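Encoded as structure tokens, the structure appears first; notes follow it.
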Amino acid sequence: MPSYNKKEDHFWRNFATHSVLIILCSVLIVWLMPNKIYFTGEPNVGTPWQFDDLISDIEFDLMKSEETIAQEKADKVRKEMVPSFVVVDSVEQRAEKELIDTIEAHYGSFASAAKLYYVPRLQEIYKKGIVDQTSYDDVERHYDQKSIRIIRGNQSVTKTLDEVYSEQTANEYLHHIDSEEMLSTHHIDLPYLHPNLEYDDSTSKEDIAHLEELVAVSDKKIQQGEKIIEQGVVIDEPTSRAIKQFYEIKTGNFMRENGSFANISGRVIYVLLLFALFSTYLILFRPQYFSNVRHTLMLYSLITLFPLLAMLVSSTMGALSIYILPFAMVPIFVQIFMDSRTAFAAHATMVMIGSMILPNQPFFFIVQIVAGMTAIFALRDMSKRSDLFKAALMVTLCTAVMFTAMSLINHSKLPHRTAYIYLIINGILLLLAYPLMFVVEKSFNFTSSVTLFELSDTNKDLLRHLSEVAPGTFQHSITVGNLASEIAKKIGANSLLVRTGALYHDIGKMVNPVFFTENQAGVNPHDKLTEKESASIIISHVIEGLRLAEEKRLPDEIKNFITTHHGAGVVKYFYVKYKNAHPKEEIDEEAFSYPGPNPFTREQAILMMADTVEAASRSLNEYTDETLSELINRLIDGQVSAGFFTECSITFLDITTAKKVLLENLKSIYHTRIKYPELNQETRKNNQQQKSNKKKKSSFSKRFSVKKS
């Protein structure tokens, strides 16, 4: 039966997670990509033409825009249209009958006279024609001619609105006729007059279509050899149409359509391959990030987010406007929370994905790669706000220089000033990395260098309290932090992280400070305790330190230094002491063991070495090169043989370098001096003989001088 390989199983689980992330990010990017992409730069009105002078090698008619044509058609119809109406005779006949019936019912003996008065007037009204009120108002408001065409059979006549009645004017005329010749006592309610001119929809539509056909759809003719636009000139509306139509004629379609199966397949392959290559980089060179979900989520989120923003901006503001987006923000975040090598790999992947939607891909890629490299170089260590400001300034300057160089190479001209404005806006937006850094930090539970600098301030509540309650431990932590920081600088580890971790690694000693030798003043409380009780108190400083760190909401990276600086080792002093006192007893090592775990990063291993050596160095009786070197080698070699560093990526070269750094720094701390050589026996004998001869010679000279005088 094959054995279970935990490490291999963990790798494949991470591989599956990455595969799902890659598929999701790729689908999101391809799905949200604009339906159409301009292959030679979208000619947006108001933006400069960034490419070579465009000279037409064909002759073509410059077509008007759809909006212009629609407006001109509407104007043509409004100015010249005469709506058609058909006469409906049955309406007049029905109205005349209703009028006669009303008169006969109310006028009695005067009915004949009333008919002779009203009927001719009714016929007069219908002869002119009555238009329904809605149509009458529409003609009056919407058509400049203010006329209608009246059709009766095969004949038609055009009349103005003043020559016909609306429903309102017809009824007012009939009901307010001067009737003084009639008996004034006979007032009756005359019937309501209905329109006899009915709107002819089909004929009117034909007339509208005919008028619209008369509208010209082209402005002018572009001649062969005519310059459509010059590089750097701001595009106006007619020029924009000319550029589009030129490429439509030349290529069949000005815009690259993205809806085809082949196009979608190509985009999917393109994005999947880039993500796969980036994941391969993580597997081969940064396995610690590959196996960490937080790192993975941040990397893929940033790589996906900015291409999506680029799609949104370019589709609404034009291709050139994409330079507003601060793509260099991605390598800044990745470098702050991870490392510069991963920052460049992530930036290159993101820029290649983003360039897929742009017309001039090499131009964009080169400018953005320069921006990312500048950001990485300029922001090696971010400890204050001014560092980001300097980085943003350098990114703006370098991208502007590269943009100028690329324009000179491709177009033999300087870019339009709009391009520089966009790059300046880019630099300003890059300053948003500072507040957004805290969003990323909290979202993915990272610790930035700015946070580490803030935590390393010894005036902070926790460290100030440590200096007051356990001053010896506080000084020990500072010394360990300095030693560990020097080691980290030499081997290329995170010196700021290990120094900050060192300041907090022993905060648990604040609970029982007098039980630790660096805080004792002549009295040792362990003398009254058993070895197990003493070991339990010593071990508890790790547990109490973790509790305090959680109360103060310290980052996980700092908590890890608290739990790993002793690893899973034993409290050796009390363990050996107990073992000597109980030689025949089977000892439970767990009672003397720290909870662990062992260090799993280079920084944690550095702290363990520095902490152990610094603490043990205080017990030396004599500080010489030999005693310090022997102590350092014995302690660190013991940690290596005990397997404390098997779970981290520290190398033997790193450990050797750490030993050298510790030796040099401890010599400086304890002011060790070289051992002066002593005279051997023969040299001492010769030296005494020389002194004796000098005395005899001096005595003879004195006697001779006296005698002479």
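Chain lettering (A, B, ...) mirrors the order of the structure tokens, residue numbering begins at 1 for each chain separately, and ligand numbering begins at 1 in order of display.
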
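Summary of the local environment: counting only C-alpha atoms, residues at most 12 Å from A:Leu554, other than itself and those fewer than 5 positions away along its chain, are Asn445, Phe446, Thr447, Thr451, Leu452, Glu454, Leu455, Ser456, Leu462, Thr500, Gly501, Tyr504, His505, Ile507, Gly545, Leu546, Arg547, Leu548, Ala549, Lys559, Asn560, Phe561 and Ile562 of chain A.
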
Please list as a PDB file with C-alpha atoms, in the first residue's frame every residue within 7 Å of stretch 508-511 of chain A, counting only C-alpha atoms and excluding residues in the same chain fewer than 6 positions away.
ATOM      1  CA  LEU A 466       7.574  46.598  28.445  1.00  0.00           C
ATOM      2  CA  VAL A 469       7.756  46.688  33.685  1.00  0.00           C
ATOM      3  CA  ALA A 470      10.650  44.606  32.355  1.00  0.00           C
ATOM      4  CA  HIS A 541       5.909  33.808  28.426  1.00  0.00           C
ATOM      5  CA  VAL A 542       5.268  32.468  24.909  1.00  0.00           C
ATOM      6  CA  GLU A 544       1.143  35.102  27.452  1.00  0.00           C
ATOM      7  CA  GLY A 545       2.947  36.930  24.666  1.00  0.00           C
TER       8      GLY A 545
END

Next on the checklist: Could you go through stretch 198-329 of chain A and tell me which residues DSSP, when run on the backbone, assigns to strand (DSSP E), listing them as a list of chain:residue names?
Outcome noted: A:Glu198, A:Tyr199, A:Ser218, A:Asp219, A:Lys220, A:Lys221, A:Ile222, A:Lys227, A:Ile228, A:Ile229, A:Met255, A:Arg256, A:Glu257

Requested write-out: all heavy atoms of the selected residues, as a tab-separated table (two decimals), in the first residue's frame:
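Everything below was put into result06.tsv:
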chain	number	residue	atom	x	y	z
A	198	GLU	N	-59.93	62.69	-42.89
A	198	GLU	CA	-59.25	61.62	-42.14
A	198	GLU	C	-57.80	61.51	-42.60
A	198	GLU	O	-57.50	61.49	-43.80
A	198	GLU	CB	-59.98	60.30	-42.39
A	198	GLU	CG	-59.46	59.15	-41.55
A	198	GLU	CD	-60.24	57.88	-41.84
A	198	GLU	OE1	-61.31	57.71	-41.23
A	198	GLU	OE2	-59.79	57.08	-42.69
A	199	TYR	N	-56.88	61.44	-41.63
A	199	TYR	CA	-55.44	61.39	-41.92
A	199	TYR	C	-55.11	60.13	-42.72
A	199	TYR	O	-55.47	59.01	-42.34
A	199	TYR	CB	-54.64	61.40	-40.62
A	199	TYR	CG	-53.14	61.34	-40.82
A	199	TYR	CD1	-52.44	62.42	-41.35
A	199	TYR	CD2	-52.42	60.20	-40.48
A	199	TYR	CE1	-51.08	62.37	-41.54
A	199	TYR	CE2	-51.05	60.14	-40.65
A	199	TYR	CZ	-50.38	61.23	-41.18
A	199	TYR	OH	-49.03	61.17	-41.37
A	218	SER	N	-23.74	62.05	-48.06
A	218	SER	CA	-22.30	62.31	-48.05
A	218	SER	C	-22.04	63.80	-48.01
A	218	SER	O	-22.83	64.60	-48.51
A	218	SER	CB	-21.63	61.69	-49.28
A	218	SER	OG	-22.12	62.28	-50.46
A	219	ASP	N	-20.91	64.15	-47.39
A	219	ASP	CA	-20.51	65.55	-47.28
A	219	ASP	C	-19.72	66.00	-48.50
A	219	ASP	O	-20.01	67.01	-49.13
A	219	ASP	CB	-19.67	65.76	-46.03
A	219	ASP	CG	-20.52	66.03	-44.81
A	219	ASP	OD1	-21.68	66.45	-44.99
A	219	ASP	OD2	-20.05	65.79	-43.69
A	220	LYS	N	-18.67	65.21	-48.77
A	220	LYS	CA	-17.77	65.57	-49.86
A	220	LYS	C	-17.04	64.32	-50.31
A	220	LYS	O	-17.24	63.23	-49.77
A	220	LYS	CB	-16.76	66.62	-49.39
A	220	LYS	CG	-15.83	66.12	-48.29
A	220	LYS	CD	-14.76	67.16	-47.97
A	220	LYS	CE	-13.77	66.60	-46.95
A	220	LYS	NZ	-12.68	67.55	-46.66
A	221	LYS	N	-16.18	64.48	-51.26
A	221	LYS	CA	-15.39	63.36	-51.79
A	221	LYS	C	-13.95	63.52	-51.34
A	221	LYS	O	-13.34	64.57	-51.51
A	221	LYS	CB	-15.50	63.32	-53.31
A	221	LYS	CG	-14.88	62.08	-53.93
A	221	LYS	CD	-15.05	62.09	-55.43
A	221	LYS	CE	-16.50	61.86	-55.82
A	221	LYS	NZ	-16.98	60.50	-55.48
A	222	ILE	N	-13.42	62.46	-50.71
A	222	ILE	CA	-12.00	62.43	-50.34
A	222	ILE	C	-11.21	61.97	-51.55
A	222	ILE	O	-11.44	60.87	-52.09
A	222	ILE	CB	-11.76	61.48	-49.15
A	222	ILE	CG1	-12.58	61.92	-47.93
A	222	ILE	CG2	-10.27	61.43	-48.79
A	222	ILE	CD1	-12.20	63.24	-47.35
A	227	LYS	N	-4.52	64.20	-47.57
A	227	LYS	CA	-4.16	63.93	-46.17
A	227	LYS	C	-5.44	64.04	-45.32
A	227	LYS	O	-6.06	65.10	-45.23
A	227	LYS	CB	-3.11	64.90	-45.67
A	227	LYS	CG	-2.66	64.63	-44.23
A	227	LYS	CD	-1.66	65.66	-43.75
A	227	LYS	CE	-0.34	65.50	-44.48
A	227	LYS	NZ	0.70	66.42	-43.93
A	228	ILE	N	-5.79	62.93	-44.69
A	228	ILE	CA	-6.99	62.92	-43.85
A	228	ILE	C	-6.72	63.61	-42.52
A	228	ILE	O	-7.52	64.42	-42.06
A	228	ILE	CB	-7.47	61.47	-43.63
A	228	ILE	CG1	-7.86	60.84	-44.97
A	228	ILE	CG2	-8.65	61.43	-42.66
A	228	ILE	CD1	-8.26	59.39	-44.88
A	229	ILE	N	-5.57	63.27	-41.90
A	229	ILE	CA	-5.21	63.90	-40.62
A	229	ILE	C	-3.71	63.79	-40.43
A	229	ILE	O	-3.07	62.84	-40.90
A	229	ILE	CB	-5.96	63.25	-39.43
A	229	ILE	CG1	-5.75	64.10	-38.16
A	229	ILE	CG2	-5.54	61.82	-39.21
A	229	ILE	CD1	-6.63	63.67	-37.00
A	255	MET	N	-13.54	48.39	-37.08
A	255	MET	CA	-13.35	47.81	-35.75
A	255	MET	C	-13.20	46.30	-35.85
A	255	MET	O	-13.83	45.65	-36.67
A	255	MET	CB	-14.52	48.17	-34.84
A	255	MET	CG	-14.59	49.65	-34.53
A	255	MET	SD	-16.01	50.08	-33.52
A	255	MET	CE	-17.33	49.88	-34.69
A	256	ARG	N	-12.36	45.77	-34.94
A	256	ARG	CA	-12.19	44.33	-34.86
A	256	ARG	C	-13.32	43.74	-34.05
A	256	ARG	O	-13.50	44.08	-32.88
A	256	ARG	CB	-10.84	44.01	-34.21
A	256	ARG	CG	-10.51	42.51	-34.20
A	256	ARG	CD	-9.15	42.27	-33.60
A	256	ARG	NE	-9.12	42.49	-32.18
A	256	ARG	CZ	-8.21	43.21	-31.55
A	256	ARG	NH1	-7.30	43.84	-32.24
A	256	ARG	NH2	-8.23	43.34	-30.24
A	257	GLU	N	-14.11	42.90	-34.65
A	257	GLU	CA	-15.23	42.29	-33.94
A	257	GLU	C	-14.72	41.18	-33.03
A	257	GLU	O	-13.82	40.43	-33.37
A	257	GLU	CB	-16.24	41.71	-34.94
A	257	GLU	CG	-16.87	42.75	-35.85
A	257	GLU	CD	-17.88	43.61	-35.11
A	257	GLU	OE1	-18.24	43.23	-33.99
A	257	GLU	OE2	-18.29	44.64	-35.65

Checklist entry - For the atom pair atom CA of A:Ile130 and atom CA of A:Tyr117, what is the interatomic distance in Å to one decimal place? => result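 A separation of 20.1 Å between them.
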
Item to check | Atomic distance atom CA of A:Asp53 - atom CA of A:Glu230, expressed in Å with one decimal | outcome: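 Going from atom CA of A:Asp53 over to atom CA of A:Glu230 covers 4.4 Å.
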
Using only C-alpha atoms, which protein or nucleic acid residues come within 8 Å of stretch 335-345 of chain A? Drop anything in the same chain fewer than 3 positions from it, and give the result as a short mmCIF file (atom, residue, chain, number, x, y, z; two decimals) with C-alpha atoms, in the first residue's frame.
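Ended up saving to selection_9.cif:
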data_model
loop_
_atom_site.label_atom_id
_atom_site.label_comp_id
_atom_site.auth_asym_id
_atom_site.auth_seq_id
_atom_site.Cartn_x
_atom_site.Cartn_y
_atom_site.Cartn_z
CA PHE A 278 2.81 33.29 -13.88
CA ARG A 286 8.14 31.38 -4.92
CA VAL A 330 0.38 46.74 -8.82
CA PRO A 331 4.18 46.24 -8.56
CA ILE A 332 4.20 48.69 -5.63
CA ALA A 348 4.53 42.03 -16.78
CA THR A 349 1.65 39.53 -16.76
CA GLY A 372 6.68 49.21 -13.30
CA MET A 373 10.47 48.88 -13.22
CA ILE A 376 10.13 48.80 -8.11
CA ARG A 380 12.79 49.55 -2.32
CA ASP A 381 11.91 50.47 1.28
CA MET A 382 8.76 52.43 2.02
CA PHE A 446 -0.80 41.40 5.17
CA THR A 447 1.68 43.57 7.00
CA SER A 448 3.23 46.49 5.14
CA SER A 449 6.57 48.12 5.82
#

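Coordinates place atom CA of A:Leu663 at a distance of 9.5 Å from atom CA of A:Leu631.
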